[in-house]
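Here is run11.tsv, consisting of TSV, C-alpha atoms:
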chain	number	residue	atom	x	y	z
L	1	MET	CA	4.05	-34.80	6.69
L	2	PRO	CA	0.79	-35.38	8.60
L	3	TYR	CA	0.69	-37.37	11.81
L	4	ARG	CA	-0.66	-40.87	11.26
L	5	THR	CA	-3.61	-41.88	13.44
L	6	ILE	CA	-5.37	-45.12	14.25
L	7	ASP	CA	-9.07	-44.85	15.07
L	8	LEU	CA	-10.22	-47.39	17.69
L	9	CYS	CA	-13.83	-47.86	18.79
L	10	ALA	CA	-14.35	-45.71	15.74
L	11	GLY	CA	-18.14	-45.47	15.57
L	12	ILE	CA	-18.90	-43.42	12.46
L	13	GLY	CA	-15.58	-41.60	12.57
L	14	GLY	CA	-16.27	-38.40	14.50
L	15	ILE	CA	-12.92	-38.31	16.31
L	16	ARG	CA	-11.03	-39.17	13.14
L	17	LYS	CA	-12.83	-36.43	11.20
L	18	GLY	CA	-12.14	-33.80	13.86
L	19	PHE	CA	-8.43	-34.54	13.66
L	20	GLU	CA	-8.41	-34.65	9.87
L	21	LEU	CA	-10.10	-31.25	9.61
L	22	THR	CA	-6.93	-29.62	10.98
L	23	GLY	CA	-4.95	-30.83	7.98
L	24	ASN	CA	-2.28	-32.24	10.31
L	25	TYR	CA	-3.51	-35.84	10.69
L	26	GLU	CA	-4.13	-38.78	8.39
L	27	ASN	CA	-5.88	-41.94	9.50
L	28	ILE	CA	-4.33	-45.24	8.42
L	29	LEU	CA	-6.15	-47.92	10.45
L	30	SER	CA	-9.54	-48.24	12.13
L	31	ALA	CA	-11.43	-50.64	14.39
L	32	GLU	CA	-15.18	-50.91	14.90
L	33	ILE	CA	-17.40	-53.98	15.37
L	34	ASP	CA	-20.93	-52.54	15.07
L	35	LYS	CA	-22.04	-53.55	11.57
L	36	TYR	CA	-24.28	-50.54	11.02
L	37	ALA	CA	-21.65	-48.07	12.19
L	38	CYS	CA	-19.19	-49.82	9.86
L	39	LEU	CA	-21.55	-49.25	6.94
L	40	THR	CA	-21.76	-45.54	7.65
L	41	TYR	CA	-18.01	-45.24	8.28
L	42	GLU	CA	-17.21	-46.91	4.96
L	43	HIS	CA	-19.79	-44.70	3.22
L	44	LEU	CA	-18.13	-41.57	4.63
L	45	PHE	CA	-14.45	-42.47	4.41
L	46	GLY	CA	-14.21	-45.17	1.76
L	47	THR	CA	-12.62	-47.75	4.06
L	48	ASN	CA	-14.27	-50.51	6.06
L	49	PRO	CA	-13.26	-50.24	9.75
L	50	LYS	CA	-14.46	-53.78	10.57
L	51	ASN	CA	-11.78	-54.93	13.04
L	52	ASP	CA	-11.99	-56.27	16.58
L	53	LEU	CA	-9.35	-54.58	18.73
L	54	THR	CA	-9.61	-57.31	21.36
L	55	THR	CA	-8.10	-59.93	19.05
L	56	GLU	CA	-4.45	-60.89	18.88
L	57	GLU	CA	-4.62	-60.58	15.10
L	58	PHE	CA	-5.51	-56.88	15.30
L	59	LYS	CA	-2.99	-56.17	18.05
L	60	GLN	CA	-0.24	-57.64	15.91
L	61	LEU	CA	-1.46	-55.57	12.97
L	62	VAL	CA	-1.14	-52.38	15.04
L	63	GLU	CA	2.25	-53.50	16.33
L	64	ASN	CA	3.46	-53.81	12.75
L	65	THR	CA	1.95	-50.47	11.68
L	66	GLU	CA	3.94	-47.24	11.88
L	67	TYR	CA	1.67	-44.57	13.34
L	68	ASP	CA	1.85	-41.59	15.69
L	69	VAL	CA	-1.45	-41.03	17.52
L	70	LEU	CA	-3.96	-43.47	19.00
L	71	LEU	CA	-7.56	-42.22	19.02
L	72	ALA	CA	-10.34	-44.03	20.90
L	73	GLY	CA	-13.84	-43.21	22.04
L	74	PHE	CA	-14.04	-46.41	24.02
L	75	PRO	CA	-17.45	-47.80	25.09
L	76	CYS	CA	-19.15	-45.46	27.50
L	77	GLN	CA	-22.41	-47.19	28.49
L	78	THR	CA	-20.76	-49.06	31.35
L	79	PHE	CA	-19.64	-45.79	32.94
L	80	SER	CA	-22.63	-43.60	32.04
L	81	ALA	CA	-24.99	-42.25	34.67
L	82	VAL	CA	-27.86	-43.40	32.44
L	83	GLY	CA	-26.28	-46.79	31.67
L	84	ASN	CA	-25.66	-49.85	33.82
L	85	GLN	CA	-22.62	-48.27	35.53
L	86	GLU	CA	-20.84	-51.62	35.80
L	87	GLY	CA	-17.61	-50.05	34.58
L	88	PHE	CA	-14.69	-52.46	34.38
L	89	ASN	CA	-16.95	-55.25	35.66
L	90	ASP	CA	-18.90	-55.29	32.40
L	91	PRO	CA	-17.66	-58.50	30.69
L	92	ASP	CA	-18.00	-57.11	27.15
L	93	LYS	CA	-17.39	-53.37	27.24
L	94	GLY	CA	-15.73	-52.62	30.56
L	95	ILE	CA	-12.50	-54.37	29.64
L	96	ILE	CA	-12.06	-52.58	26.29
L	97	PHE	CA	-9.80	-50.02	27.96
L	98	ASN	CA	-7.47	-52.83	29.04
L	99	HIS	CA	-7.17	-53.97	25.43
L	100	ILE	CA	-6.44	-50.38	24.36
L	101	ALA	CA	-3.78	-50.16	27.06
L	102	GLU	CA	-2.18	-53.35	25.74
L	103	ILE	CA	-2.13	-51.90	22.24
L	104	ILE	CA	-0.48	-48.74	23.60
L	105	LYS	CA	2.13	-50.82	25.41
L	106	ARG	CA	2.95	-52.89	22.34
L	107	SER	CA	3.03	-50.05	19.79
L	108	ARG	CA	3.96	-46.95	21.86
L	109	PRO	CA	2.34	-44.12	19.92
L	110	LYS	CA	3.66	-40.59	20.39
L	111	SER	CA	0.33	-39.47	21.79
L	112	ILE	CA	-3.05	-40.78	22.92
L	113	PHE	CA	-6.48	-39.19	22.77
L	114	LEU	CA	-9.38	-40.86	24.60
L	115	GLU	CA	-13.02	-39.80	24.96
L	116	ASN	CA	-15.75	-41.02	27.31
L	117	VAL	CA	-18.79	-39.84	29.25
L	118	GLU	CA	-18.63	-37.19	31.96
L	119	ASN	CA	-19.42	-39.79	34.60
L	120	LEU	CA	-16.19	-41.68	33.89
L	121	ILE	CA	-14.28	-39.40	36.22
L	122	ARG	CA	-16.77	-39.95	39.08
L	123	HIS	CA	-17.61	-43.59	38.46
L	124	ASP	CA	-17.12	-45.86	41.48
L	125	LYS	CA	-16.25	-42.83	43.63
L	126	GLY	CA	-13.38	-41.93	41.32
L	127	ASN	CA	-11.69	-45.34	41.48
L	128	THR	CA	-12.31	-46.10	37.80
L	129	PHE	CA	-10.54	-42.94	36.64
L	130	GLU	CA	-7.76	-43.58	39.14
L	131	VAL	CA	-7.20	-46.99	37.53
L	132	ILE	CA	-7.02	-45.43	34.06
L	133	VAL	CA	-4.60	-42.74	35.24
L	134	HIS	CA	-2.39	-45.30	37.00
L	135	LYS	CA	-2.32	-47.47	33.91
L	136	LEU	CA	-1.31	-44.63	31.58
L	137	GLU	CA	1.04	-42.75	33.91
L	138	THR	CA	2.70	-45.45	35.99
L	139	GLU	CA	2.56	-48.63	33.97
L	140	LEU	CA	2.80	-47.20	30.44
L	141	ASN	CA	4.85	-44.09	31.31
L	142	TYR	CA	2.75	-41.48	29.51
L	143	LYS	CA	2.29	-37.90	30.70
L	144	ILE	CA	-1.42	-37.05	30.93
L	145	VAL	CA	-2.22	-33.45	30.03
L	146	GLY	CA	-3.85	-31.66	32.98
L	147	LEU	CA	-2.89	-34.22	35.62
L	148	ASP	CA	-1.43	-32.66	38.76
L	149	TYR	CA	0.57	-34.32	41.52
L	150	ASN	CA	0.72	-34.06	45.29
L	151	GLU	CA	4.02	-33.39	47.06
L	152	ASP	CA	4.52	-37.10	47.61
L	153	GLY	CA	4.11	-37.74	43.88
L	154	SER	CA	0.62	-39.22	44.12
L	155	PHE	CA	-2.01	-38.18	41.60
L	156	LEU	CA	-4.07	-35.06	42.19
L	157	ILE	CA	-7.06	-35.46	39.87
L	158	ASN	CA	-9.05	-32.31	39.15
L	159	SER	CA	-12.18	-33.08	37.14
L	160	HIS	CA	-12.14	-29.56	35.68
L	161	ASN	CA	-8.97	-30.47	33.78
L	162	PHE	CA	-10.62	-33.36	31.94
L	163	ILE	CA	-14.29	-32.49	31.39
L	164	ARG	CA	-15.12	-30.26	28.44
L	165	ASN	CA	-18.58	-29.22	27.24
L	166	SER	CA	-19.67	-28.98	23.59
L	167	ARG	CA	-21.66	-25.82	24.31
L	168	PHE	CA	-18.39	-23.88	24.61
L	169	PHE	CA	-17.09	-25.10	21.26
L	170	GLY	CA	-19.54	-23.45	18.87
L	171	ILE	CA	-22.41	-25.94	19.21
L	172	PRO	CA	-25.58	-25.32	21.33
L	173	GLN	CA	-25.57	-28.71	23.05
L	174	ASN	CA	-24.98	-29.14	26.76
L	175	ARG	CA	-22.71	-32.17	26.40
L	176	PRO	CA	-19.98	-32.52	29.04
L	177	ARG	CA	-17.58	-35.35	28.31
L	178	THR	CA	-14.28	-36.64	29.68
L	179	TYR	CA	-11.21	-36.23	27.47
L	180	ILE	CA	-7.74	-37.68	28.09
L	181	MET	CA	-4.68	-36.62	26.12
L	182	ALA	CA	-1.25	-38.05	26.91
L	183	PHE	CA	2.29	-38.01	25.49
L	184	ASP	CA	5.04	-40.63	25.62
L	185	ARG	CA	7.58	-39.90	28.38
L	186	GLU	CA	10.06	-42.32	26.79
L	187	ARG	CA	10.13	-40.12	23.68
L	188	TYR	CA	9.88	-36.53	24.93
L	189	ASP	CA	11.84	-34.38	27.37
L	190	ILE	CA	10.30	-34.41	30.86
L	191	LYS	CA	10.72	-30.66	31.36
L	192	LEU	CA	8.94	-29.92	28.09
L	193	LEU	CA	6.09	-32.28	29.00
L	194	GLN	CA	5.56	-30.36	32.23
L	195	ARG	CA	4.87	-27.19	30.22
L	196	LEU	CA	1.95	-28.49	28.16
L	197	GLY	CA	-0.77	-26.86	30.29
L	198	ASN	CA	-4.43	-27.93	30.16
L	199	LEU	CA	-6.88	-28.90	27.45
L	200	PRO	CA	-8.69	-25.97	25.78
L	201	LEU	CA	-11.80	-24.75	27.58
L	202	ASN	CA	-13.47	-23.35	24.44
L	203	ASN	CA	-12.85	-22.17	20.91
L	204	ASN	CA	-13.68	-19.10	18.85
L	205	GLU	CA	-15.54	-20.98	16.11
L	206	ILE	CA	-19.28	-20.36	16.41
L	207	ILE	CA	-21.24	-22.72	14.17
L	208	TYR	CA	-24.58	-21.92	15.81
L	209	ASN	CA	-25.13	-19.36	18.57
L	210	HIS	CA	-28.25	-21.23	19.68
L	211	LEU	CA	-30.79	-23.73	18.37
L	212	ASN	CA	-32.81	-21.07	16.54
L	213	ASP	CA	-29.68	-19.87	14.74
L	214	GLY	CA	-30.26	-22.15	11.77
L	215	LEU	CA	-29.88	-25.46	13.57
L	216	ILE	CA	-33.56	-26.32	14.03
L	217	GLU	CA	-35.35	-27.00	10.76
L	218	TYR	CA	-38.94	-25.96	11.36
L	219	GLY	CA	-41.69	-27.53	9.31
L	220	ALA	CA	-40.68	-31.13	10.02
L	221	ASP	CA	-42.38	-34.24	8.70
L	222	LEU	CA	-45.43	-35.34	10.71
L	223	LYS	CA	-43.72	-38.57	11.77
L	224	TYR	CA	-41.54	-36.63	14.22
L	225	TYR	CA	-44.53	-35.15	16.08
L	226	MET	CA	-45.71	-36.81	19.28
L	227	SER	CA	-49.10	-38.42	19.45
L	228	SER	CA	-51.44	-36.91	22.00
L	229	GLY	CA	-51.47	-40.18	23.94
L	230	TYR	CA	-47.69	-40.34	24.27
L	231	TYR	CA	-47.39	-36.65	25.07
L	232	ASN	CA	-50.06	-36.89	27.77
L	233	THR	CA	-48.17	-39.85	29.26
L	234	LEU	CA	-45.01	-37.74	29.46
L	235	VAL	CA	-46.91	-34.88	31.10
L	236	ALA	CA	-48.36	-37.24	33.72
L	237	HIS	CA	-44.95	-38.85	34.34
L	238	ARG	CA	-43.32	-35.47	34.85
L	239	ALA	CA	-46.06	-34.45	37.30
L	240	ARG	CA	-45.47	-37.62	39.34
L	241	GLN	CA	-41.74	-37.01	39.36
L	242	ASN	CA	-42.23	-33.44	40.55
L	243	GLU	CA	-44.49	-34.63	43.34
L	244	ASN	CA	-41.70	-36.97	44.46
L	245	GLY	CA	-39.17	-34.15	44.42
L	246	ASN	CA	-37.42	-35.34	41.27
L	247	GLY	CA	-36.61	-33.20	38.24
L	248	PHE	CA	-36.89	-35.92	35.61
L	249	GLY	CA	-39.20	-35.75	32.66
L	250	TYR	CA	-39.61	-34.38	29.19
L	251	ARG	CA	-38.04	-31.05	28.29
L	252	ILE	CA	-39.10	-28.54	25.69
L	253	VAL	CA	-35.82	-26.91	24.71
L	254	CYS	CA	-36.76	-24.89	21.68
L	255	SER	CA	-39.71	-22.89	20.43
L	256	PRO	CA	-39.81	-19.94	18.02
L	257	GLU	CA	-40.09	-17.36	20.81
L	258	MET	CA	-37.08	-18.63	22.81
L	259	GLU	CA	-34.07	-16.34	22.42
L	260	HIS	CA	-31.03	-18.51	23.12
L	261	PRO	CA	-32.09	-22.15	23.48
L	262	ILE	CA	-29.58	-24.99	23.75
L	263	ALA	CA	-30.08	-28.74	23.58
L	264	ASN	CA	-29.53	-31.27	26.31
L	265	THR	CA	-27.10	-34.12	25.69
L	266	ILE	CA	-28.28	-36.39	22.90
L	267	LEU	CA	-28.04	-40.06	23.81
L	268	ALA	CA	-26.70	-43.13	22.08
L	269	THR	CA	-29.77	-45.25	22.79
L	270	GLY	CA	-31.37	-44.84	19.38
L	271	GLY	CA	-34.82	-44.99	20.93
L	272	SER	CA	-35.37	-43.53	24.38
L	273	GLY	CA	-34.02	-40.14	25.36
L	274	LYS	CA	-35.43	-38.04	22.54
L	275	GLU	CA	-37.99	-36.57	24.95
L	276	ARG	CA	-35.10	-34.65	26.57
L	277	ASN	CA	-35.04	-32.34	23.56
L	278	LEU	CA	-38.56	-31.50	22.42
L	279	ILE	CA	-39.39	-28.79	19.91
L	280	ILE	CA	-42.53	-26.70	19.45
L	281	ASP	CA	-42.90	-26.67	15.68
L	282	LEU	CA	-46.12	-24.87	14.73
L	283	GLN	CA	-47.60	-25.84	11.38
L	284	ASP	CA	-51.10	-25.47	10.01
L	285	GLY	CA	-53.05	-28.70	10.02
L	286	VAL	CA	-50.69	-30.55	12.36
L	287	ALA	CA	-52.49	-30.33	15.72
L	288	GLY	CA	-54.98	-33.19	16.01
L	289	ALA	CA	-53.96	-34.72	12.69
L	290	ASP	CA	-53.96	-38.48	12.25
L	291	TYR	CA	-50.77	-40.29	11.26
L	292	PRO	CA	-50.75	-43.94	10.15
L	293	THR	CA	-48.27	-45.25	12.74
L	294	LYS	CA	-49.63	-43.27	15.70
L	295	HIS	CA	-52.44	-44.71	17.82
L	296	THR	CA	-53.80	-41.30	18.75
L	297	PRO	CA	-53.86	-37.95	16.89
L	298	ILE	CA	-50.88	-35.60	17.00
L	299	ASN	CA	-50.80	-33.45	20.16
L	300	ASN	CA	-52.47	-30.03	20.06
L	301	GLU	CA	-49.30	-28.17	21.11
L	302	CYS	CA	-47.41	-29.24	17.95
L	303	ILE	CA	-44.58	-30.73	20.00
L	304	ARG	CA	-42.12	-33.00	18.25
L	305	VAL	CA	-38.79	-34.68	18.77
L	306	MET	CA	-35.67	-33.47	17.01
L	307	THR	CA	-34.97	-35.04	13.64
L	308	PRO	CA	-31.82	-37.04	12.86
L	309	ARG	CA	-30.61	-34.11	10.73
L	310	GLU	CA	-30.87	-31.82	13.75
L	311	TRP	CA	-28.91	-34.34	15.82
L	312	GLY	CA	-26.34	-34.42	13.03
L	313	LYS	CA	-26.00	-30.66	13.28
L	314	LEU	CA	-25.64	-30.91	17.08
L	315	GLN	CA	-22.59	-33.13	16.55
L	316	GLY	CA	-21.11	-31.15	13.67
L	317	PHE	CA	-21.52	-33.89	11.06
L	318	ILE	CA	-24.09	-31.99	9.00
L	319	ASN	CA	-23.32	-28.52	7.62
L	320	TYR	CA	-19.81	-28.54	9.10
L	321	ALA	CA	-17.42	-31.48	8.94
L	322	PHE	CA	-18.27	-32.73	5.45
L	323	VAL	CA	-18.70	-29.41	3.64
L	324	GLU	CA	-16.82	-29.32	0.34
L	325	ASN	CA	-16.72	-26.15	-1.78
L	326	GLY	CA	-19.60	-24.75	0.23
L	327	VAL	CA	-21.77	-27.84	-0.24
L	328	ASP	CA	-22.63	-30.24	2.59
L	329	THR	CA	-21.83	-33.76	1.39
L	330	PHE	CA	-22.77	-35.73	4.52
L	331	SER	CA	-25.19	-38.59	4.03
L	332	PHE	CA	-25.99	-42.01	5.45
L	333	PRO	CA	-25.79	-45.16	3.36
L	334	GLU	CA	-29.00	-45.90	1.50
L	335	GLY	CA	-31.48	-47.74	3.68
L	336	MET	CA	-29.98	-46.78	7.07
L	337	SER	CA	-32.90	-46.73	9.51
L	338	ILE	CA	-33.91	-43.59	11.37
L	339	GLN	CA	-33.30	-45.41	14.66
L	340	GLN	CA	-29.73	-46.18	13.59
L	341	GLN	CA	-29.21	-42.58	12.49
L	342	TYR	CA	-30.17	-41.37	15.97
L	343	LYS	CA	-28.01	-44.02	17.61
L	344	GLN	CA	-24.95	-43.29	15.50
L	345	PHE	CA	-25.09	-39.53	16.05
L	346	GLY	CA	-25.80	-39.95	19.77
L	347	ASN	CA	-22.91	-42.39	20.14
L	348	SER	CA	-20.47	-40.09	18.39
L	349	VAL	CA	-18.63	-36.91	19.38
L	350	THR	CA	-19.02	-33.20	18.74
L	351	ILE	CA	-16.63	-32.67	15.87
L	352	PRO	CA	-15.82	-28.94	16.37
L	353	LEU	CA	-14.67	-29.74	19.92
L	354	ILE	CA	-12.52	-32.63	18.67
L	355	LYS	CA	-10.99	-30.37	16.03
L	356	THR	CA	-9.98	-27.93	18.78
L	357	MET	CA	-8.38	-30.76	20.75
L	358	ALA	CA	-6.49	-31.85	17.64
L	359	GLU	CA	-5.21	-28.30	17.15
L	360	PHE	CA	-4.07	-28.29	20.76
L	361	MET	CA	-2.27	-31.60	20.25
L	362	THR	CA	-0.46	-30.12	17.26
L	363	ALA	CA	0.60	-27.16	19.41
L	364	CYS	CA	1.88	-29.62	22.01
L	365	PHE	CA	3.93	-31.44	19.39
L	366	ARG	CA	5.48	-28.10	18.41
L	367	MET	CA	6.34	-27.37	22.04
L	368	LEU	CA	7.88	-30.82	22.32
L	369	ASN	CA	10.02	-30.10	19.25
L	370	ASP	CA	8.61	-33.13	17.48
L	371	ASP	CA	10.38	-33.79	14.22
L	372	ASN	CA	7.09	-34.22	12.32
L	373	ILE	CA	6.36	-30.48	12.47

Just give me the structure of the file as structure tokens.
Amino acid sequence: MPYRTIDLCAGIGGIRKGFELTGNYENILSAEIDKYACLTYEHLFGTNPKNDLTTEEFKQLVENTEYDVLLAGFPCQTFSAVGNQEGFNDPDKGIIFNHIAEIIKRSRPKSIFLENVENLIRHDKGNTFEVIVHKLETELNYKIVGLDYNEDGSFLINSHNFIRNSRFFGIPQNRPRTYIMAFDRERYDIKLLQRLGNLPLNNNEIIYNHLNDGLIEYGADLKYYMSSGYYNTLVAHRARQNENGNGFGYRIVCSPEMEHPIANTILATGGSGKERNLIIDLQDGVAGADYPTKHTPINNECIRVMTPREWGKLQGFINYAFVENGVDTFSFPEGMSIQQQYKQFGNSVTIPLIKTMAEFMTACFRMLNDDNI
């Protein structure tokens, strides 16, 4: 019998899919409020996740639902180094964790799996993560995997036990994120909980060795190429940053002659940020060509941004998670804008990494002698 999951802050279902790929988990309830993400989620899974987890109605629904594992990639912009960094002070997104904690308290799942940005563990000089740990460990009585303790019983938080990078899980994307897995102390033996170890550091599943290992699709449509005016602006901006001693600016991460290129973290902005992962894609007739929506001709170096399909590969949605009988079945709903496609992939998770975490959770359940196994 598979473990039953609920998928909170579901996005387009990356965490859910990673767990389902193990064959040990079945999702029974979801919550997402972004209307475009809901459209894609329903397109992929056949169920509409439109629920607001902050409402009493939804909390009562969860309380009356028999399930085993709570999954949540709760909003990360308020903790991100490239976001507003308001954290718990953000009136809309910062308090989502508190609503999740209330749901945990009222429904007591066997296990919890949370995902957020790398900066979560450092935000506000570590105080934000300390609050989360205190809430889960002390108030809710859950054992967090990888959390150590000082001799006086206080928390000893080692960031290396919570941050995992997609590049070590078969995908060439440098994407460090914070992951929290916890098990219910009221349900499981304390001595067994102390033997769970740490989250996996990597896996043995190589989907792409590097960007030129079938991930980049050369010969892209002209619309993805940068105009000469925009490219020259990026070059000038980078030069100014370098003069000021800063390392910010555009980055060319992949060209045909590079041996083992990897991508930088893709972002959830949907617009800005694509210049962090530029491609040299040489095609005849591209350099200097005019394109209707570009104010200046295409740049002479044939530099372009990654396509949404390439972002989908970087997260494991395309050519991995939705492959059936050797055929990739992933698609967006008809009419989904390119901007939304970027945003939804950037806001999601790297599915092969999540699958590895789900396999680890299953191994933990076995160690805990859970009766579902």

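The coordinates place CA of Lys313 (chain L) at 26.2 Å from CA of Tyr230 (chain L).
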
>> When you count all atoms listed in the file, which of these residues is closest to Ile354 (chain L): L:Leu222, L:Leu61, L:Met181, L:Ala263?
In response: L:Met181

> Could you list as a ChimeraX atom specification every residue that has an atom within 12 Å of (-7.9, -58.6, 15.3), using the file's coordinates and counting only C-alpha atoms?
Replying inline: /L:8,29-33,49-63,99,103

> Interatomic distance between CA of Ile171 (chain L) and CA of Leu201 (chain L)?
Replying inline: 13.6 Å

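Separating CA of Asp281 (chain L) from CA of Pro333 (chain L) is a distance of 28.0 Å.
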
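Distances from L:Phe360, L:Tyr225, L:Tyr320, L:Tyr3 to Thr293 (chain L) were compared using only C-alpha atoms, and the smallest one belongs to L:Tyr225.
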
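With distances restricted to only C-alpha atoms, L:Ala220 is the closest residue to Leu282 (chain L) from L:Leu215, L:Leu136, L:Ala220, L:Ile144.
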
>> Give me, as a PyMOL selection string, all polymer residues having an atom no more than 6 Å from Ala287 (chain L), counting all atoms listed in the file and skipping those fewer than 3 positions away in the same chain.
In response: chain L and resi 298-300+302

Using only C-alpha atoms, tabulate the residues of region 237-330 of chain L lying at most 12 Å from any atom of region 38-44 of chain L, each with its closest atom pair and that distance in Å to one decimal, by chain and increasing residue number, as a Markdown table.
| residue | atom | partner | partner_atom | distance |
| --- | --- | --- | --- | --- |
| L:Phe317 | CA | L:Leu44 | CA | 10.6 |
| L:Ala321 | CA | L:Leu44 | CA | 11.0 |
| L:Phe322 | CA | L:Leu44 | CA | 8.9 |
| L:Thr329 | CA | L:Leu44 | CA | 9.2 |
| L:Phe330 | CA | L:Leu44 | CA | 7.5 |

What does the file look like for those residues with C-alpha atoms, as a PDB file, in the coordinates of the input?
ATOM      1  CA  PHE L 317     -21.520 -33.890  11.060  1.00  0.00           C
ATOM      2  CA  ALA L 321     -17.420 -31.480   8.940  1.00  0.00           C
ATOM      3  CA  PHE L 322     -18.270 -32.730   5.450  1.00  0.00           C
ATOM      4  CA  THR L 329     -21.830 -33.760   1.390  1.00  0.00           C
ATOM      5  CA  PHE L 330     -22.770 -35.730   4.520  1.00  0.00           C
TER       6      PHE L 330
END

>> I'd like the neighbourhood of Glu310 (chain L) as a ChimeraX atom specification, where a residue qualifies if any of its atoms comes within 8 Å (using all atoms listed in the file), though same-chain residues fewer than 2 positions away should be ignored.
In response: /L:215-217,306-308,312-314

Generate a file of the selected residues that holds C-alpha atoms, formatted as a short mmCIF file (atom, residue, chain, number, x, y, z; two decimals), in the frame of the given file.
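Okay, again-v3.cif is ready:
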data_model
loop_
_atom_site.label_atom_id
_atom_site.label_comp_id
_atom_site.auth_asym_id
_atom_site.auth_seq_id
_atom_site.Cartn_x
_atom_site.Cartn_y
_atom_site.Cartn_z
CA LEU L 215 -29.88 -25.46 13.57
CA ILE L 216 -33.56 -26.32 14.03
CA GLU L 217 -35.35 -27.00 10.76
CA MET L 306 -35.67 -33.47 17.01
CA THR L 307 -34.97 -35.04 13.64
CA PRO L 308 -31.82 -37.04 12.86
CA GLY L 312 -26.34 -34.42 13.03
CA LYS L 313 -26.00 -30.66 13.28
CA LEU L 314 -25.64 -30.91 17.08
#

> Can you list, as JSON, numbers by chain, every protein, DNA or RNA residue that comes within 12 Å of His160 (chain L) when you count all atoms listed in the file, leaving out same-chain residues fewer than 2 positions away?
Replying inline: {"L": [118, 121, 122, 146, 147, 148, 156, 157, 158, 162, 163, 164, 165, 176, 177, 178, 179, 180, 198, 199, 200, 201]}

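Taking all atoms listed in the file into account, Asn161 (chain L) lies nearest to L:Val145 out of the set L:Tyr208, L:Val145, L:Asp221, L:Cys254.
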
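Among the candidate residues L:Ala363, L:Ile190, L:Leu120, L:Val349, the one lying nearest to Ile15 (chain L) is L:Val349, with distances computed using only C-alpha atoms.
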
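Near Ser227 (chain L), within 9 Å and counting only C-alpha atoms, sit Tyr225, Gly229, Tyr230, Tyr231, Asn232, Gly288, Asp290, Tyr291, Lys294, His295, Thr296, Pro297, Ile298, Asn299, Ile303 and Arg304 of chain L; same-chain residues fewer than 2 positions away were not included.
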
For Leu71 (chain L), please output as an mmCIF file with C-alpha atoms, in the frame of the given file all residues within 9 Å (counting all atoms listed in the file; exclusion window: fewer than 2 positions along the same chain).
data_model
loop_
_atom_site.group_PDB
_atom_site.id
_atom_site.type_symbol
_atom_site.label_atom_id
_atom_site.label_comp_id
_atom_site.auth_asym_id
_atom_site.auth_seq_id
_atom_site.Cartn_x
_atom_site.Cartn_y
_atom_site.Cartn_z
ATOM 1 C CA THR L 5 -3.610 -41.880 13.440
ATOM 2 C CA ILE L 6 -5.370 -45.120 14.250
ATOM 3 C CA ASP L 7 -9.070 -44.850 15.070
ATOM 4 C CA LEU L 8 -10.220 -47.390 17.690
ATOM 5 C CA CYS L 9 -13.830 -47.860 18.790
ATOM 6 C CA ALA L 10 -14.350 -45.710 15.740
ATOM 7 C CA ILE L 15 -12.920 -38.310 16.310
ATOM 8 C CA ARG L 16 -11.030 -39.170 13.140
ATOM 9 C CA VAL L 69 -1.450 -41.030 17.520
ATOM 10 C CA GLY L 73 -13.840 -43.210 22.040
ATOM 11 C CA SER L 111 0.330 -39.470 21.790
ATOM 12 C CA ILE L 112 -3.050 -40.780 22.920
ATOM 13 C CA PHE L 113 -6.480 -39.190 22.770
ATOM 14 C CA LEU L 114 -9.380 -40.860 24.600
ATOM 15 C CA GLU L 115 -13.020 -39.800 24.960
#

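Considering only C-alpha atoms, the residue among L:Lys35, L:Phe45, L:Asn277, L:Leu140 positioned nearest to Arg108 (chain L) is L:Leu140.
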
Could you complete region 203-209 of chain L so that it carries N, CA, C and O atoms, and give it back as a CSV table (one decimal), in the coordinates of the input?
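As a result, result_30.csv now contains:
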chain,number,residue,atom,x,y,z
L,203,ASN,N,-13.5,-22.6,22.1
L,203,ASN,CA,-12.8,-22.2,20.9
L,203,ASN,C,-13.6,-20.9,20.4
L,203,ASN,O,-14.5,-20.5,21.1
L,204,ASN,N,-13.1,-20.3,19.4
L,204,ASN,CA,-13.7,-19.1,18.8
L,204,ASN,C,-14.5,-19.4,17.6
L,204,ASN,O,-14.9,-18.4,16.9
L,205,GLU,N,-14.8,-20.6,17.3
L,205,GLU,CA,-15.5,-21.0,16.1
L,205,GLU,C,-17.0,-21.2,16.5
L,205,GLU,O,-17.4,-22.2,17.1
L,206,ILE,N,-17.9,-20.3,16.1
L,206,ILE,CA,-19.3,-20.4,16.4
L,206,ILE,C,-20.0,-20.9,15.2
L,206,ILE,O,-20.2,-20.2,14.2
L,207,ILE,N,-20.5,-22.1,15.3
L,207,ILE,CA,-21.2,-22.7,14.2
L,207,ILE,C,-22.7,-22.3,14.3
L,207,ILE,O,-23.3,-21.9,13.3
L,208,TYR,N,-23.2,-22.4,15.5
L,208,TYR,CA,-24.6,-21.9,15.8
L,208,TYR,C,-24.5,-21.2,17.2
L,208,TYR,O,-24.0,-21.8,18.1
L,209,ASN,N,-25.1,-20.0,17.3
L,209,ASN,CA,-25.1,-19.4,18.6
L,209,ASN,C,-26.1,-20.0,19.5
L,209,ASN,O,-26.0,-20.1,20.7
